[in-house]
$ cat final_29.pdb   # PDB, C-alpha atoms and all ligand atoms
ATOM      1  CA  MET A   4       4.864   8.816  23.347
ATOM      2  CA  THR A   5       3.390   7.814  20.004
ATOM      3  CA  VAL A   6       4.836   4.786  18.255
ATOM      4  CA  ILE A   7       4.551   4.758  14.460
ATOM      5  CA  LEU A   8       4.355   1.230  13.115
ATOM      6  CA  GLY A   9       5.287   1.094   9.439
ATOM      7  CA  LEU A  10       3.369  -1.668   7.717
ATOM      8  CA  THR A  11       4.590  -2.812   4.341
ATOM      9  CA  GLY A  12       4.717  -5.725   1.942
ATOM     10  CA  GLY A  13       4.448  -6.455  -1.739
ATOM     11  CA  ILE A  14       1.234  -6.028  -3.697
ATOM     12  CA  ALA A  15      -1.481  -8.449  -2.451
ATOM     13  CA  SER A  16       0.758  -9.734   0.350
ATOM     14  CA  GLY A  17      -1.900  -9.089   3.017
ATOM     15  CA  LYS A  18      -1.223  -5.587   4.384
ATOM     16  CA  SER A  19      -4.907  -4.626   4.423
ATOM     17  CA  THR A  20      -5.757  -7.880   6.184
ATOM     18  CA  VAL A  21      -3.189  -7.030   8.890
ATOM     19  CA  SER A  22      -4.152  -3.341   9.141
ATOM     20  CA  ARG A  23      -7.855  -4.222   9.523
ATOM     21  CA  TYR A  24      -6.885  -6.506  12.405
ATOM     22  CA  LEU A  25      -4.806  -3.761  14.051
ATOM     23  CA  ASN A  26      -7.686  -1.331  13.619
ATOM     24  CA  GLU A  27      -9.940  -3.751  15.562
ATOM     25  CA  PHE A  28      -7.788  -2.894  18.619
ATOM     26  CA  GLY A  29      -8.567   0.784  18.020
ATOM     27  CA  PHE A  30      -5.184   1.716  16.536
ATOM     28  CA  PRO A  31      -5.628   4.371  13.824
ATOM     29  CA  VAL A  32      -4.425   3.461  10.324
ATOM     30  CA  VAL A  33      -2.966   5.885   7.796
ATOM     31  CA  ASP A  34      -3.202   4.044   4.479
ATOM     32  CA  ALA A  35      -1.180   5.340   1.508
ATOM     33  CA  ASP A  36      -3.360   3.487  -1.033
ATOM     34  CA  ILE A  37      -6.511   5.184   0.308
ATOM     35  CA  ILE A  38      -4.777   8.568   0.306
ATOM     36  CA  ALA A  39      -3.535   7.872  -3.240
ATOM     37  CA  ARG A  40      -7.231   7.643  -4.207
ATOM     38  CA  GLU A  41      -8.255  10.788  -2.322
ATOM     39  CA  VAL A  42      -5.636  12.984  -4.037
ATOM     40  CA  VAL A  43      -7.031  12.157  -7.501
ATOM     41  CA  GLU A  44     -10.740  12.519  -6.759
ATOM     42  CA  PRO A  45     -12.764  14.681  -9.178
ATOM     43  CA  GLY A  46     -11.987  18.367  -8.636
ATOM     44  CA  THR A  47      -8.474  17.827  -7.285
ATOM     45  CA  ILE A  48      -5.248  19.288  -8.652
ATOM     46  CA  GLY A  49      -3.986  15.693  -8.807
ATOM     47  CA  LEU A  50      -6.653  14.645 -11.281
ATOM     48  CA  GLN A  51      -6.146  17.807 -13.353
ATOM     49  CA  GLN A  52      -2.437  17.033 -13.643
ATOM     50  CA  ILE A  53      -3.102  13.418 -14.596
ATOM     51  CA  ILE A  54      -5.466  14.541 -17.379
ATOM     52  CA  ALA A  55      -2.887  17.056 -18.608
ATOM     53  CA  THR A  56      -0.245  14.300 -18.742
ATOM     54  CA  PHE A  57      -2.217  11.254 -19.921
ATOM     55  CA  SER A  58      -5.233  12.898 -21.711
ATOM     56  CA  GLU A  59      -8.940  12.729 -20.926
ATOM     57  CA  ALA A  60      -8.951   9.072 -21.958
ATOM     58  CA  VAL A  61      -8.056   8.256 -18.337
ATOM     59  CA  LEU A  62     -11.504   9.411 -17.162
ATOM     60  CA  LYS A  63     -14.609   7.290 -16.742
ATOM     61  CA  ALA A  64     -17.963   8.656 -17.975
ATOM     62  CA  ASP A  65     -18.765   9.857 -14.425
ATOM     63  CA  GLY A  66     -15.560  11.971 -14.252
ATOM     64  CA  HIS A  67     -13.683   9.655 -11.878
ATOM     65  CA  LEU A  68     -10.245   8.315 -12.704
ATOM     66  CA  ASN A  69     -10.383   5.016 -14.567
ATOM     67  CA  ARG A  70      -7.852   3.250 -12.351
ATOM     68  CA  GLN A  71      -7.911  -0.024 -14.233
ATOM     69  CA  TYR A  72      -7.137   1.749 -17.493
ATOM     70  CA  LEU A  73      -4.344   3.857 -15.984
ATOM     71  CA  GLY A  74      -2.943   0.773 -14.238
ATOM     72  CA  ARG A  75      -2.652  -0.958 -17.622
ATOM     73  CA  ILE A  76      -0.727   2.042 -18.989
ATOM     74  CA  VAL A  77       1.731   2.493 -16.123
ATOM     75  CA  PHE A  78       2.501  -0.983 -14.786
ATOM     76  CA  GLY A  79       5.119  -2.463 -17.075
ATOM     77  CA  GLN A  80       6.102   0.891 -18.569
ATOM     78  CA  SER A  81       8.493   2.518 -16.146
ATOM     79  CA  LYS A  82       8.497   5.900 -17.956
ATOM     80  CA  GLU A  83       4.737   6.195 -17.655
ATOM     81  CA  LEU A  84       4.780   5.067 -14.022
ATOM     82  CA  ALA A  85       7.438   7.691 -13.276
ATOM     83  CA  LYS A  86       5.211  10.393 -14.833
ATOM     84  CA  LEU A  87       2.299   9.303 -12.634
ATOM     85  CA  THR A  88       4.260   9.120  -9.385
ATOM     86  CA  LYS A  89       5.820  12.518 -10.068
ATOM     87  CA  ILE A  90       2.259  13.859  -9.799
ATOM     88  CA  THR A  91       0.918  11.683  -6.973
ATOM     89  CA  ALA A  92       3.935  11.202  -4.665
ATOM     90  CA  PRO A  93       4.178  14.809  -3.352
ATOM     91  CA  LEU A  94       0.400  15.005  -2.835
ATOM     92  CA  ILE A  95       0.398  11.683  -0.945
ATOM     93  CA  ARG A  96       3.369  12.771   1.172
ATOM     94  CA  GLU A  97       1.719  16.048   2.143
ATOM     95  CA  THR A  98      -1.491  14.287   3.266
ATOM     96  CA  ILE A  99       0.355  11.539   5.167
ATOM     97  CA  THR A 100       2.461  14.109   7.048
ATOM     98  CA  LYS A 101      -0.663  16.079   8.032
ATOM     99  CA  ARG A 102      -2.570  12.972   9.215
ATOM    100  CA  LEU A 103       0.365  11.722  11.302
ATOM    101  CA  GLN A 104       0.746  15.141  12.915
ATOM    102  CA  LEU A 105      -2.964  15.258  13.784
ATOM    103  CA  LEU A 106      -2.916  11.775  15.314
ATOM    104  CA  LYS A 107       0.219  12.602  17.323
ATOM    105  CA  GLU A 108      -1.504  15.707  18.669
ATOM    106  CA  LYS A 109      -4.421  13.480  19.717
ATOM    107  CA  LYS A 110      -1.827  11.410  21.612
ATOM    108  CA  ALA A 111      -2.523   8.129  19.832
ATOM    109  CA  SER A 112      -0.345   5.432  21.459
ATOM    110  CA  LEU A 113       0.246   3.485  18.237
ATOM    111  CA  ILE A 114      -0.334   4.668  14.675
ATOM    112  CA  VAL A 115      -0.240   2.188  11.794
ATOM    113  CA  LEU A 116       1.323   3.664   8.649
ATOM    114  CA  ASP A 117       0.450   1.344   5.772
ATOM    115  CA  VAL A 118       2.641   2.127   2.750
ATOM    116  CA  PRO A 119       3.142  -0.492   0.023
ATOM    117  CA  LEU A 120       6.348   1.199  -1.147
ATOM    118  CA  MET A 121       7.677   1.965   2.365
ATOM    119  CA  PHE A 122      11.354   1.248   1.734
ATOM    120  CA  GLU A 123      11.354   2.191  -1.959
ATOM    121  CA  THR A 124      10.121   5.700  -1.088
ATOM    122  CA  GLY A 125      11.892   6.209   2.248
ATOM    123  CA  TYR A 126       8.755   6.375   4.413
ATOM    124  CA  ASP A 127      10.480   4.043   6.880
ATOM    125  CA  LYS A 128      12.302   7.157   8.117
ATOM    126  CA  LEU A 129       9.006   8.351   9.624
ATOM    127  CA  THR A 130       8.467   5.114  11.549
ATOM    128  CA  ASP A 131       9.704   3.696  14.847
ATOM    129  CA  VAL A 132       9.359   0.057  13.860
ATOM    130  CA  THR A 133       8.773  -1.569  10.459
ATOM    131  CA  LEU A 134       6.709  -4.690   9.915
ATOM    132  CA  LEU A 135       6.839  -6.605   6.648
ATOM    133  CA  VAL A 136       3.976  -8.875   5.590
ATOM    134  CA  GLU A 137       5.423 -11.540   3.323
ATOM    135  CA  ILE A 138       4.256 -14.394   1.139
ATOM    136  CA  PRO A 139       6.137 -16.441  -1.464
ATOM    137  CA  LYS A 140       6.015 -14.975  -5.001
ATOM    138  CA  GLU A 141       3.916 -17.825  -6.478
ATOM    139  CA  LEU A 142       1.226 -17.341  -3.821
ATOM    140  CA  GLN A 143       1.416 -13.585  -4.299
ATOM    141  CA  LEU A 144       0.769 -14.056  -8.018
ATOM    142  CA  GLN A 145      -2.200 -16.348  -7.343
ATOM    143  CA  ARG A 146      -3.803 -13.986  -4.798
ATOM    144  CA  LEU A 147      -3.197 -10.935  -6.978
ATOM    145  CA  MET A 148      -4.611 -12.584 -10.111
ATOM    146  CA  ARG A 149      -7.707 -13.702  -8.214
ATOM    147  CA  ARG A 150      -8.327 -10.442  -6.324
ATOM    148  CA  ASP A 151      -7.767  -8.010  -9.224
ATOM    149  CA  GLN A 152      -8.827 -10.326 -12.075
ATOM    150  CA  LEU A 153      -5.425  -9.961 -13.739
ATOM    151  CA  THR A 154      -3.651 -12.233 -16.191
ATOM    152  CA  TYR A 155      -0.403 -13.899 -15.101
ATOM    153  CA  THR A 156       1.644 -11.425 -17.191
ATOM    154  CA  ALA A 157      -0.172  -8.353 -15.844
ATOM    155  CA  ALA A 158       0.166  -9.554 -12.241
ATOM    156  CA  LEU A 159       3.871 -10.261 -12.729
ATOM    157  CA  ALA A 160       4.414  -6.784 -14.232
ATOM    158  CA  ARG A 161       2.932  -5.208 -11.076
ATOM    159  CA  ILE A 162       5.025  -7.346  -8.752
ATOM    160  CA  ASN A 163       8.178  -6.569 -10.712
ATOM    161  CA  THR A 164       7.763  -2.779 -10.320
ATOM    162  CA  GLN A 165       8.428  -3.266  -6.593
ATOM    163  CA  TRP A 166      11.612  -4.221  -4.772
ATOM    164  CA  PRO A 167      12.323  -7.942  -4.407
ATOM    165  CA  LEU A 168      11.166  -9.443  -1.125
ATOM    166  CA  ALA A 169      14.708 -10.264   0.072
ATOM    167  CA  LYS A 170      15.698  -6.600  -0.124
ATOM    168  CA  LYS A 171      12.703  -5.563   1.989
ATOM    169  CA  ARG A 172      13.205  -8.405   4.457
ATOM    170  CA  ALA A 173      16.762  -7.232   5.109
ATOM    171  CA  LEU A 174      15.422  -3.821   6.175
ATOM    172  CA  ALA A 175      12.322  -4.846   8.150
ATOM    173  CA  ASP A 176      12.366  -5.042  11.967
ATOM    174  CA  VAL A 177       9.584  -7.642  12.128
ATOM    175  CA  VAL A 178       8.452 -10.145   9.487
ATOM    176  CA  ILE A 179       4.949 -11.620   9.449
ATOM    177  CA  ASP A 180       4.384 -14.726   7.340
ATOM    178  CA  ASN A 181       0.974 -14.534   5.626
ATOM    179  CA  SER A 182       1.273 -17.753   3.626
ATOM    180  CA  GLY A 183      -0.934 -19.668   6.062
ATOM    181  CA  THR A 184      -4.494 -18.920   7.139
ATOM    182  CA  VAL A 185      -5.692 -15.475   8.180
ATOM    183  CA  ALA A 186      -6.105 -16.859  11.718
ATOM    184  CA  GLN A 187      -2.409 -17.840  11.791
ATOM    185  CA  THR A 188      -1.423 -14.354  10.629
ATOM    186  CA  LYS A 189      -3.602 -12.739  13.302
ATOM    187  CA  GLN A 190      -1.950 -14.934  15.945
ATOM    188  CA  GLN A 191       1.508 -13.725  14.848
ATOM    189  CA  MET A 192       0.250 -10.137  15.086
ATOM    190  CA  LEU A 193      -1.212 -10.724  18.530
ATOM    191  CA  ASP A 194       2.114 -12.200  19.720
ATOM    192  CA  PHE A 195       3.925  -9.130  18.355
ATOM    193  CA  LEU A 196       1.484  -6.717  20.062
ATOM    194  CA  LYS A 197       1.734  -8.544  23.377
ATOM    195  CA  GLN A 198       5.534  -8.840  23.287
ATOM    196  CA  ASN A 199       5.801  -5.101  22.778
ATOM    197  CA  HIS A 200       3.109  -4.291  25.372
ATOM    198  CA  PHE A 201       0.825  -2.597  22.835
ATOM    199  CA  VAL A 202      -2.079  -4.696  24.151
TER     200      VAL A 202
HETATM  201  C1  LIG B 301      -1.953   3.102 -11.153
HETATM  202  C2  LIG B 301      -3.157   3.164 -10.213
HETATM  203  C3  LIG B 301      -4.136   4.236 -10.688
HETATM  204  C4  LIG B 301      -3.858   1.781 -10.261
HETATM  205  O1  LIG B 301      -4.927   1.781  -9.377
HETATM  206  P1  LIG B 301      -5.516   0.425  -8.737
HETATM  207  O2  LIG B 301      -6.801   0.810  -8.067
HETATM  208  O3  LIG B 301      -5.563  -0.631  -9.792
HETATM  209  O4  LIG B 301      -4.449  -0.030  -7.670
HETATM  210  P2  LIG B 301      -4.215   0.498  -6.163
HETATM  211  O5  LIG B 301      -4.068   1.982  -6.142
HETATM  212  O6  LIG B 301      -5.231  -0.103  -5.254
HETATM  213  O7  LIG B 301      -2.776  -0.092  -5.835
HETATM  214  C5  LIG B 301      -2.620  -1.481  -5.647
HETATM  215  C6  LIG B 301      -1.188  -1.792  -5.366
HETATM  216  O8  LIG B 301      -0.395  -1.484  -6.513
HETATM  217  C7  LIG B 301       0.914  -1.170  -6.074
HETATM  218  N1  LIG B 301       1.302   0.156  -6.552
HETATM  219  C8  LIG B 301       0.558   1.297  -6.617
HETATM  220  N2  LIG B 301       1.273   2.310  -7.093
HETATM  221  C9  LIG B 301       2.500   1.829  -7.323
HETATM  222  C10 LIG B 301       3.700   2.401  -7.803
HETATM  223  N3  LIG B 301       3.769   3.705  -8.109
HETATM  224  N4  LIG B 301       4.787   1.567  -7.921
HETATM  225  C11 LIG B 301       4.735   0.271  -7.599
HETATM  226  N5  LIG B 301       3.627  -0.327  -7.130
HETATM  227  C12 LIG B 301       2.529   0.445  -6.996
HETATM  228  C13 LIG B 301       0.870  -1.179  -4.542
HETATM  229  O9  LIG B 301       1.302  -2.415  -4.041
HETATM  230  C14 LIG B 301      -0.586  -1.000  -4.239
HETATM  231  O10 LIG B 301      -0.930  -1.537  -2.974
HETATM  232  C15 LIG B 301      -2.722   3.465  -8.742
HETATM  233  O11 LIG B 301      -1.999   2.407  -8.229
HETATM  234  C16 LIG B 301      -1.937   4.759  -8.580
HETATM  235  O12 LIG B 301      -2.492   5.840  -8.653
HETATM  236  N6  LIG B 301      -0.622   4.645  -8.313
HETATM  237  C17 LIG B 301       0.229   5.791  -8.137
HETATM  238  C18 LIG B 301       0.181   6.284  -6.707
HETATM  239  C19 LIG B 301       1.163   5.575  -5.855
HETATM  240  O13 LIG B 301       2.356   5.707  -6.077
HETATM  241  N7  LIG B 301       0.630   4.816  -4.878
HETATM  242  C20 LIG B 301       1.464   4.075  -3.969
HETATM  243  C21 LIG B 301       1.597   4.823  -2.671
HETATM  244  S1  LIG B 301       2.997   4.267  -1.771
HETATM  245  N1  LIG B 302      -3.868 -15.610   4.866
HETATM  246  C1  LIG B 302      -4.614 -15.493   3.767
HETATM  247  N2  LIG B 302      -5.153 -16.593   3.195
HETATM  248  C2  LIG B 302      -5.883 -16.468   2.040
HETATM  249  N3  LIG B 302      -6.139 -15.306   1.407
HETATM  250  C3  LIG B 302      -5.625 -14.197   1.933
HETATM  251  C4  LIG B 302      -4.847 -14.202   3.139
HETATM  252  N4  LIG B 302      -4.466 -12.934   3.430
HETATM  253  C5  LIG B 302      -4.988 -12.156   2.459
HETATM  254  N5  LIG B 302      -5.682 -12.905   1.570
HETATM  255  C6  LIG B 302      -6.358 -12.435   0.346
HETATM  256  O1  LIG B 302      -5.309 -12.033  -0.539
HETATM  257  C7  LIG B 302      -5.657 -10.813  -1.204
HETATM  258  C8  LIG B 302      -4.604  -9.745  -0.871
HETATM  259  O2  LIG B 302      -4.706  -9.376   0.511
HETATM  260  P1  LIG B 302      -4.763  -7.848   0.943
HETATM  261  O3  LIG B 302      -5.781  -7.114   0.117
HETATM  262  O4  LIG B 302      -4.886  -7.797   2.423
HETATM  263  O5  LIG B 302      -3.294  -7.436   0.492
HETATM  264  P2  LIG B 302      -2.590  -6.010   0.424
HETATM  265  O6  LIG B 302      -1.170  -6.236   0.726
HETATM  266  O7  LIG B 302      -3.339  -5.037   1.268
HETATM  267  O8  LIG B 302      -2.753  -5.664  -1.076
HETATM  268  P3  LIG B 302      -2.544  -4.256  -1.874
HETATM  269  O9  LIG B 302      -1.525  -3.479  -1.164
HETATM  270  O10 LIG B 302      -2.122  -4.700  -3.182
HETATM  271  O11 LIG B 302      -3.894  -3.604  -1.872
HETATM  272  C9  LIG B 302      -7.069 -10.451  -0.763
HETATM  273  O12 LIG B 302      -7.963 -10.944  -1.708
HETATM  274  C10 LIG B 302      -7.204 -11.174   0.585
HETATM  275  O13 LIG B 302      -8.544 -11.508   0.861
END

$ encode --input "final_29.pdb" --output "structure tokens"
Amino acid sequence: MTVILGLTGGIASGKSTVSRYLNEFGFPVVDADIIAREVVEPGTIGLQQIIATFSEAVLKADGHLNRQYLGRIVFGQSKELAKLTKITAPLIRETITKRLQLLKEKKASLIVLDVPLMFETGYDKLTDVTLLVEIPKELQLQRLMRRDQLTYTAALARINTQWPLAKKRALADVVIDNSGTVAQTKQQMLDFLKQNHFV
């Protein structure tokens, strides 16, 4: 039987750090952020629809989506974000469903489904167990500002488009605290994997 492990957490909480670690054990990862990029590559229907909605100003000179520019438009303006997700959400869902089906057919024992907006979008329904990576909001702001070179206000706007941590924590089966070192986080993950006989 295949177990689908839903991995979630706020922006810059450490999901990729955890999913990379899980992938080191050979567990396949289906990553919604990566798929969100694939569905708007040049030549896709997704990109065509984005241009039709937001104008050609969203394109870089090489024809790729200017993600930084679009991010500035949508984060902090809920109407604009809703227009974008109306385009991307169905395309992401279709790809995720296909990938999960393929991996199940290959009889993967554990599949990691990494979705930042797991609970907000109901993807937890596809999972057998949900794991939340959490850090305190101040640390989240610091890591996000540093990683994406954002101002305090821009980082806060991104965080505030997502559900508050407490609401996600109430729904998660397992909570991993990523406020310490990466090594400490990996140890918590290893304990979880061992306890559940995944390794
Ligand atoms: C606005 C975009 C172009 C900005 O791109 P950028 O490269 O700067 O960010 P990236 O895609 O790496 O996302 C970073 C993080 O932002 C957060 N985020 C992304 N989309 C959303 C959203 N619709 N609502 C809330 N938070 C979001 C997530 O925590 C995500 O991990 C991009 O985020 C996007 O296309 N978003 C819409 C697609 C989507 O809904 N993705 C989430 C899949 S669950
Ligand atoms: N335990 C840690 N200690 C210090 N820095 C960390 C730790 N975990 C992650 N980071 C750093 O914090 C940033 C966010 O981590 P990561 O990219 O894994 O988060 P994420 O949840 O996948 O983010 P997003 O979903 O927004 O892409 C990265 O720059 C990463 O190197």

$ closest_residue --input "final_29.pdb" --among "A:Gly46, A:Gly12, A:Pro167, A:Pro139" --to "ligand LIG 301 (chain B)" --atoms "all atoms listed in the file"
A:Gly12

$ closest_atom_pairs --input "final_29.pdb" --of "chain A" --to "ligand LIG 302 (chain B)" --cutoff "10 Å" --atoms "all atoms listed in the file" --output "JSON lines"
{"residue": "A:Leu10", "atom": "CA", "partner": "B:LIG302", "partner_atom": "O6", "distance": 9.5}
{"residue": "A:Thr11", "atom": "CA", "partner": "B:LIG302", "partner_atom": "O6", "distance": 7.6}
{"residue": "A:Gly12", "atom": "CA", "partner": "B:LIG302", "partner_atom": "O6", "distance": 6.0}
{"residue": "A:Gly13", "atom": "CA", "partner": "B:LIG302", "partner_atom": "O6", "distance": 6.1}
{"residue": "A:Ile14", "atom": "CA", "partner": "B:LIG302", "partner_atom": "O10", "distance": 3.6}
{"residue": "A:Ala15", "atom": "CA", "partner": "B:LIG302", "partner_atom": "O8", "distance": 3.4}
{"residue": "A:Ser16", "atom": "CA", "partner": "B:LIG302", "partner_atom": "O6", "distance": 4.0}
{"residue": "A:Gly17", "atom": "CA", "partner": "B:LIG302", "partner_atom": "O4", "distance": 3.3}
{"residue": "A:Lys18", "atom": "CA", "partner": "B:LIG302", "partner_atom": "O6", "distance": 3.7}
{"residue": "A:Ser19", "atom": "CA", "partner": "B:LIG302", "partner_atom": "O7", "distance": 3.5}
{"residue": "A:Thr20", "atom": "CA", "partner": "B:LIG302", "partner_atom": "O4", "distance": 3.9}
{"residue": "A:Val21", "atom": "CA", "partner": "B:LIG302", "partner_atom": "O4", "distance": 6.7}
{"residue": "A:Ser22", "atom": "CA", "partner": "B:LIG302", "partner_atom": "O7", "distance": 8.1}
{"residue": "A:Arg23", "atom": "CA", "partner": "B:LIG302", "partner_atom": "O4", "distance": 8.5}
{"residue": "A:Asp34", "atom": "CA", "partner": "B:LIG302", "partner_atom": "O9", "distance": 9.6}
{"residue": "A:Ala35", "atom": "CA", "partner": "B:LIG302", "partner_atom": "O9", "distance": 9.2}
{"residue": "A:Asp36", "atom": "CA", "partner": "B:LIG302", "partner_atom": "O11", "distance": 7.2}
{"residue": "A:Ile37", "atom": "CA", "partner": "B:LIG302", "partner_atom": "O11", "distance": 9.4}
{"residue": "A:Asp117", "atom": "CA", "partner": "B:LIG302", "partner_atom": "O9", "distance": 8.7}
{"residue": "A:Val118", "atom": "CA", "partner": "B:LIG302", "partner_atom": "O9", "distance": 8.0}
{"residue": "A:Pro119", "atom": "CA", "partner": "B:LIG302", "partner_atom": "O9", "distance": 5.7}
{"residue": "A:Leu120", "atom": "CA", "partner": "B:LIG302", "partner_atom": "O9", "distance": 9.2}
{"residue": "A:Leu135", "atom": "CA", "partner": "B:LIG302", "partner_atom": "O6", "distance": 10.0}
{"residue": "A:Val136", "atom": "CA", "partner": "B:LIG302", "partner_atom": "O6", "distance": 7.6}
{"residue": "A:Glu137", "atom": "CA", "partner": "B:LIG302", "partner_atom": "O6", "distance": 8.9}
{"residue": "A:Ile138", "atom": "CA", "partner": "B:LIG302", "partner_atom": "N1", "distance": 9.0}
{"residue": "A:Leu142", "atom": "CA", "partner": "B:LIG302", "partner_atom": "O1", "distance": 9.0}
{"residue": "A:Gln143", "atom": "CA", "partner": "B:LIG302", "partner_atom": "O1", "distance": 7.9}
{"residue": "A:Leu144", "atom": "CA", "partner": "B:LIG302", "partner_atom": "O1", "distance": 9.8}
{"residue": "A:Gln145", "atom": "CA", "partner": "B:LIG302", "partner_atom": "O1", "distance": 8.6}
{"residue": "A:Arg146", "atom": "CA", "partner": "B:LIG302", "partner_atom": "O1", "distance": 4.9}
{"residue": "A:Leu147", "atom": "CA", "partner": "B:LIG302", "partner_atom": "C7", "distance": 6.3}
{"residue": "A:Met148", "atom": "CA", "partner": "B:LIG302", "partner_atom": "C7", "distance": 9.1}
{"residue": "A:Arg149", "atom": "CA", "partner": "B:LIG302", "partner_atom": "O12", "distance": 7.1}
{"residue": "A:Arg150", "atom": "CA", "partner": "B:LIG302", "partner_atom": "O12", "distance": 4.7}
{"residue": "A:Asp151", "atom": "CA", "partner": "B:LIG302", "partner_atom": "O12", "distance": 8.1}
{"residue": "A:Arg161", "atom": "CA", "partner": "B:LIG302", "partner_atom": "O10", "distance": 9.4}
{"residue": "A:Ile162", "atom": "CA", "partner": "B:LIG302", "partner_atom": "O10", "distance": 9.4}
{"residue": "A:Asp180", "atom": "CA", "partner": "B:LIG302", "partner_atom": "N1", "distance": 8.7}
{"residue": "A:Asn181", "atom": "CA", "partner": "B:LIG302", "partner_atom": "N1", "distance": 5.0}
{"residue": "A:Ser182", "atom": "CA", "partner": "B:LIG302", "partner_atom": "N1", "distance": 5.7}
{"residue": "A:Gly183", "atom": "CA", "partner": "B:LIG302", "partner_atom": "N1", "distance": 5.1}
{"residue": "A:Thr184", "atom": "CA", "partner": "B:LIG302", "partner_atom": "N1", "distance": 4.1}
{"residue": "A:Val185", "atom": "CA", "partner": "B:LIG302", "partner_atom": "N1", "distance": 3.8}
{"residue": "A:Ala186", "atom": "CA", "partner": "B:LIG302", "partner_atom": "N1", "distance": 7.3}
{"residue": "A:Gln187", "atom": "CA", "partner": "B:LIG302", "partner_atom": "N1", "distance": 7.4}
{"residue": "A:Thr188", "atom": "CA", "partner": "B:LIG302", "partner_atom": "N1", "distance": 6.4}
{"residue": "A:Lys189", "atom": "CA", "partner": "B:LIG302", "partner_atom": "N1", "distance": 8.9}

$ residues_around --input "final_29.pdb" --residues "segment 89-98 of chain A" --least-positions-apart "4" --cutoff "10 Å" --atoms "only C-alpha atoms" --output "PyMOL selection string"
chain A and resi 33+35-43+48-53+56+83-85+102-104+124+126

$ residues_around --input "final_29.pdb" --residues "Phe28 of chain A" --least-positions-apart "6" --cutoff "12 Å" --atoms "only C-alpha atoms" --output "PyMOL selection string"
chain A and resi 21-22+112-115+189+192-193+196+201-202

$ atom_distance --input "final_29.pdb" --atom1 "atom CA of Leu159 of chain A" --atom2 "atom CA of Val132 of chain A"
29.0 Å

$ resolve_selection --input "final_29.pdb" --expression "the PyMOL selection byres (((chain A and resi 164) around 8) and not hetatm)" --output "PDB file with C-alpha atoms, in the coordinates of the input"
ATOM      1  CA  PHE A  78       2.501  -0.983 -14.786  1.00  0.00           C
ATOM      2  CA  GLY A  79       5.119  -2.463 -17.075  1.00  0.00           C
ATOM      3  CA  SER A  81       8.493   2.518 -16.146  1.00  0.00           C
ATOM      4  CA  ALA A 160       4.414  -6.784 -14.232  1.00  0.00           C
ATOM      5  CA  ARG A 161       2.932  -5.208 -11.076  1.00  0.00           C
ATOM      6  CA  ILE A 162       5.025  -7.346  -8.752  1.00  0.00           C
ATOM      7  CA  ASN A 163       8.178  -6.569 -10.712  1.00  0.00           C
ATOM      8  CA  GLN A 165       8.428  -3.266  -6.593  1.00  0.00           C
ATOM      9  CA  TRP A 166      11.612  -4.221  -4.772  1.00  0.00           C
TER      10      TRP A 166
END

$ closest_residue --input "final_29.pdb" --among "A:Thr88, A:Leu8, A:Leu25, A:Arg75" --to "Thr154 of chain A" --atoms "all atoms listed in the file"
A:Arg75

$ atom_distance --input "final_29.pdb" --atom1 "atom CA of Leu129 of chain A" --atom2 "atom CA of Arg70 of chain A"
28.2 Å

$ atom_distance --input "final_29.pdb" --atom1 "atom CA of Lys128 of chain A" --atom2 "atom CA of Ile99 of chain A"
13.1 Å

$ closest_residue --input "final_29.pdb" --among "A:Val77, A:Val177, A:Ala157, A:Ala169" --to "ligand LIG 301 (chain B)" --atoms "only C-alpha atoms and all ligand atoms"
A:Val77

$ axis_aligned_box --input "final_29.pdb" --around "segment 145-163 of chain A" --padding-each-side "5 Å" --output "AutoDock Vina command-line options"
--center_x -0.3 --center_y -10.8 --center_z -11.0 --size_x 27.0 --size_y 21.1 --size_z 22.4

$ closest_residue --input "final_29.pdb" --among "A:Pro45, A:Gly9, A:Lys82, A:Ile54" --to "Gly66 of chain A" --atoms "only C-alpha atoms"
A:Pro45

$ closest_residue --input "final_29.pdb" --among "A:Ala158, A:Leu116, A:Val61, A:Ala175" --to "Asn26 of chain A" --atoms "all atoms listed in the file"
A:Leu116

$ residues_near_point --input "final_29.pdb" --point "(6.7, 8.1, 25.0)" --cutoff "10 Å" --atoms "all atoms listed in the file" --output "list of chain:residue names"
A:Met4, A:Thr5, A:Val6, A:Lys110, A:Ser112

$ write_last_selection --input "final_29.pdb" --atoms "C-alpha atoms" --output "PDB file, in the coordinates of the input"
ATOM      1  CA  MET A   4       4.864   8.816  23.347  1.00  0.00           C
ATOM      2  CA  THR A   5       3.390   7.814  20.004  1.00  0.00           C
ATOM      3  CA  VAL A   6       4.836   4.786  18.255  1.00  0.00           C
ATOM      4  CA  LYS A 110      -1.827  11.410  21.612  1.00  0.00           C
ATOM      5  CA  SER A 112      -0.345   5.432  21.459  1.00  0.00           C
TER       6      SER A 112
END

$ closest_residue --input "final_29.pdb" --among "A:Val178, A:Ala60, A:Ile7, A:Leu73" --to "ligand LIG 301 (chain B)" --atoms "all atoms listed in the file"
A:Leu73
